[in-house]
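Just below is one structure, and these are the notes that go with it.
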Amino acid sequence: MGAIFALKGYRTQFLYSLHKILSEYNKGYIFQPEGKFEDLDILDINNSYIEIIQIKNKLNPLIYSDLVSKKTSFFQRASNVLNHSPNVIVKLVSFNGISDEVTNKEKLQKKLTKSGLKKDDIDKIIQNFTFEIVN
């Protein structure tokens, strides 16, 4: 079953990326699927990051722990890019909903504080974080 879910995830990641590229190609952006930071990194013509997008397709709504691995986390990577590009949009896309522990800014701030991120980094993440639920 693991391979089937992985293929579903790659397929929907590809479809979302393709949609984003086709709908915004006229802006002159550089699109990097499987980019340096996320599933889709979007840069301007000066190679400055505009948006980084993590795309998930899980059976259940995403929870905070779905965004964390032993090596890194979505929010740690977001912090890294925000230190170089303070205006980058940090987006989470889900095909099956997102729990309020991620969408509620106060709850997310508590989770990020427990993860060990610095207050300044958390403030930048909260300010630039957005999400989208698609089907």
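Here's how to read the names in the structure tokens: chain A, B, ... by the order shown, residue numbers from 1 in each chain, ligand numbers from 1 in the order shown.
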
Excluding same-chain residues fewer than 6 positions from Lys119 (chain A), what lies within 12 Å of it counting only C-alpha atoms, as an mmCIF file with C-alpha atoms, in the first residue's frame?
```
data_model
loop_
_atom_site.group_PDB
_atom_site.id
_atom_site.type_symbol
_atom_site.label_atom_id
_atom_site.label_comp_id
_atom_site.auth_asym_id
_atom_site.auth_seq_id
_atom_site.Cartn_x
_atom_site.Cartn_y
_atom_site.Cartn_z
ATOM 1 C CA SER A 79 12.734 29.624 8.547
ATOM 2 C CA GLN A 109 2.876 29.437 17.334
ATOM 3 C CA LYS A 110 2.762 27.159 20.395
ATOM 4 C CA LYS A 111 3.814 24.139 18.304
ATOM 5 C CA LEU A 112 6.676 26.096 16.744
ATOM 6 C CA THR A 113 7.822 27.322 20.152
ATOM 7 C CA ILE A 125 6.850 32.151 9.672
ATOM 8 C CA ILE A 126 3.466 33.160 11.111
#
```

Item checked: DSSP strand (DSSP E or B) residues within chain A, as an MDAnalysis selection string -> chainID A and resid 30:33 40:43 49:56 62 68 73 89:94 98 129:133

Checklist line | Who sits within 10 Å of region 64-68 of chain A, only C-alpha atoms, same chain under 6 positions skipped, as a PyMOL selection string | finding: chain A and resi 54+56+58+74-76+92+98-103+108+111-112+115

Item checked: Selection: 12 Å around His84 (chain A), only C-alpha atoms, excl. self and same-chain fewer than 5 positions, as a list of chain:residue names -> A:Asn47, A:Ser48, A:Tyr49, A:Ile50, A:Arg77, A:Ala78, A:Ser79, A:Asp121, A:Lys124

Since we have the selection now, will you write its residues out, keeping C-alpha atoms, as an mmCIF file, in the first residue's frame?
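What ended up in out06.cif:
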```cif
data_model
loop_
_atom_site.group_PDB
_atom_site.id
_atom_site.type_symbol
_atom_site.label_atom_id
_atom_site.label_comp_id
_atom_site.auth_asym_id
_atom_site.auth_seq_id
_atom_site.Cartn_x
_atom_site.Cartn_y
_atom_site.Cartn_z
ATOM 1 C CA ASN A 47 16.476 34.539 -8.542
ATOM 2 C CA SER A 48 14.786 35.840 -5.389
ATOM 3 C CA TYR A 49 12.309 33.471 -3.799
ATOM 4 C CA ILE A 50 8.690 34.520 -4.233
ATOM 5 C CA ARG A 77 12.983 24.975 5.922
ATOM 6 C CA ALA A 78 10.617 27.947 5.885
ATOM 7 C CA SER A 79 12.734 29.624 8.547
ATOM 8 C CA ASP A 121 11.874 33.032 13.270
ATOM 9 C CA LYS A 124 8.411 35.536 10.340
#
```

Notebook entry, point to check: When you draw a straight line from CA of Val93 (chain A) to CA of Val134 (chain A), how long is it in Å?
Noted result: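 Here the two named atoms are 7.1 Å from each other.
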
Margin query: Counting only C-alpha atoms, which residue out of A:Asn104, A:Asn60, A:Gln32, A:Thr130 sits closest to Lys20 (chain A)?
Written below: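 Smallest separation from Lys20 (chain A) among the options: A:Gln32.
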
Margin query: When you count only C-alpha atoms, which of these residues is closest to Asn96 (chain A): A:Leu82, A:Ile52, A:Leu18, A:Ile133?
Written below: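 When distances to Asn96 (chain A) are compared using only C-alpha atoms, the smallest one comes from A:Ile133.
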
Next item on the list: Just give me the gap between CA of Ile53 (chain A) and CA of Lys91 (chain A) in Å, one decimal is fine.
Entry: 4.7 Å

Next item on the list: Write out as a PyMOL selection string each polymer residue whose atoms come within 10 Å of Asn135 (chain A), counting only C-alpha atoms; drop sequence neighbours fewer than 5 positions from it.
Entry: chain A and resi 12+16+57+94-97

Note to self: Can you pull out the residues contacting region 24-30 of chain A? Cut-off 6 Å, using only C-alpha atoms, and skip same-chain residues under 6 positions away; I want them as a ChimeraX atom specification.
What the structure shows: /A:42-44

Next item on the list: as a PyMOL selection string, list the residues of chain A assigned to helix (DSSP H, G or I) by DSSP on the backbone atoms of this structure.
Entry: chain A and resi 2-27+64-67+74-84+100-103+105-114+119-128

Notebook entry, point to check: What gap, in Å, lies between CA of Asp120 (chain A) and CA of Glu106 (chain A)?
Noted result: 15.1 Å
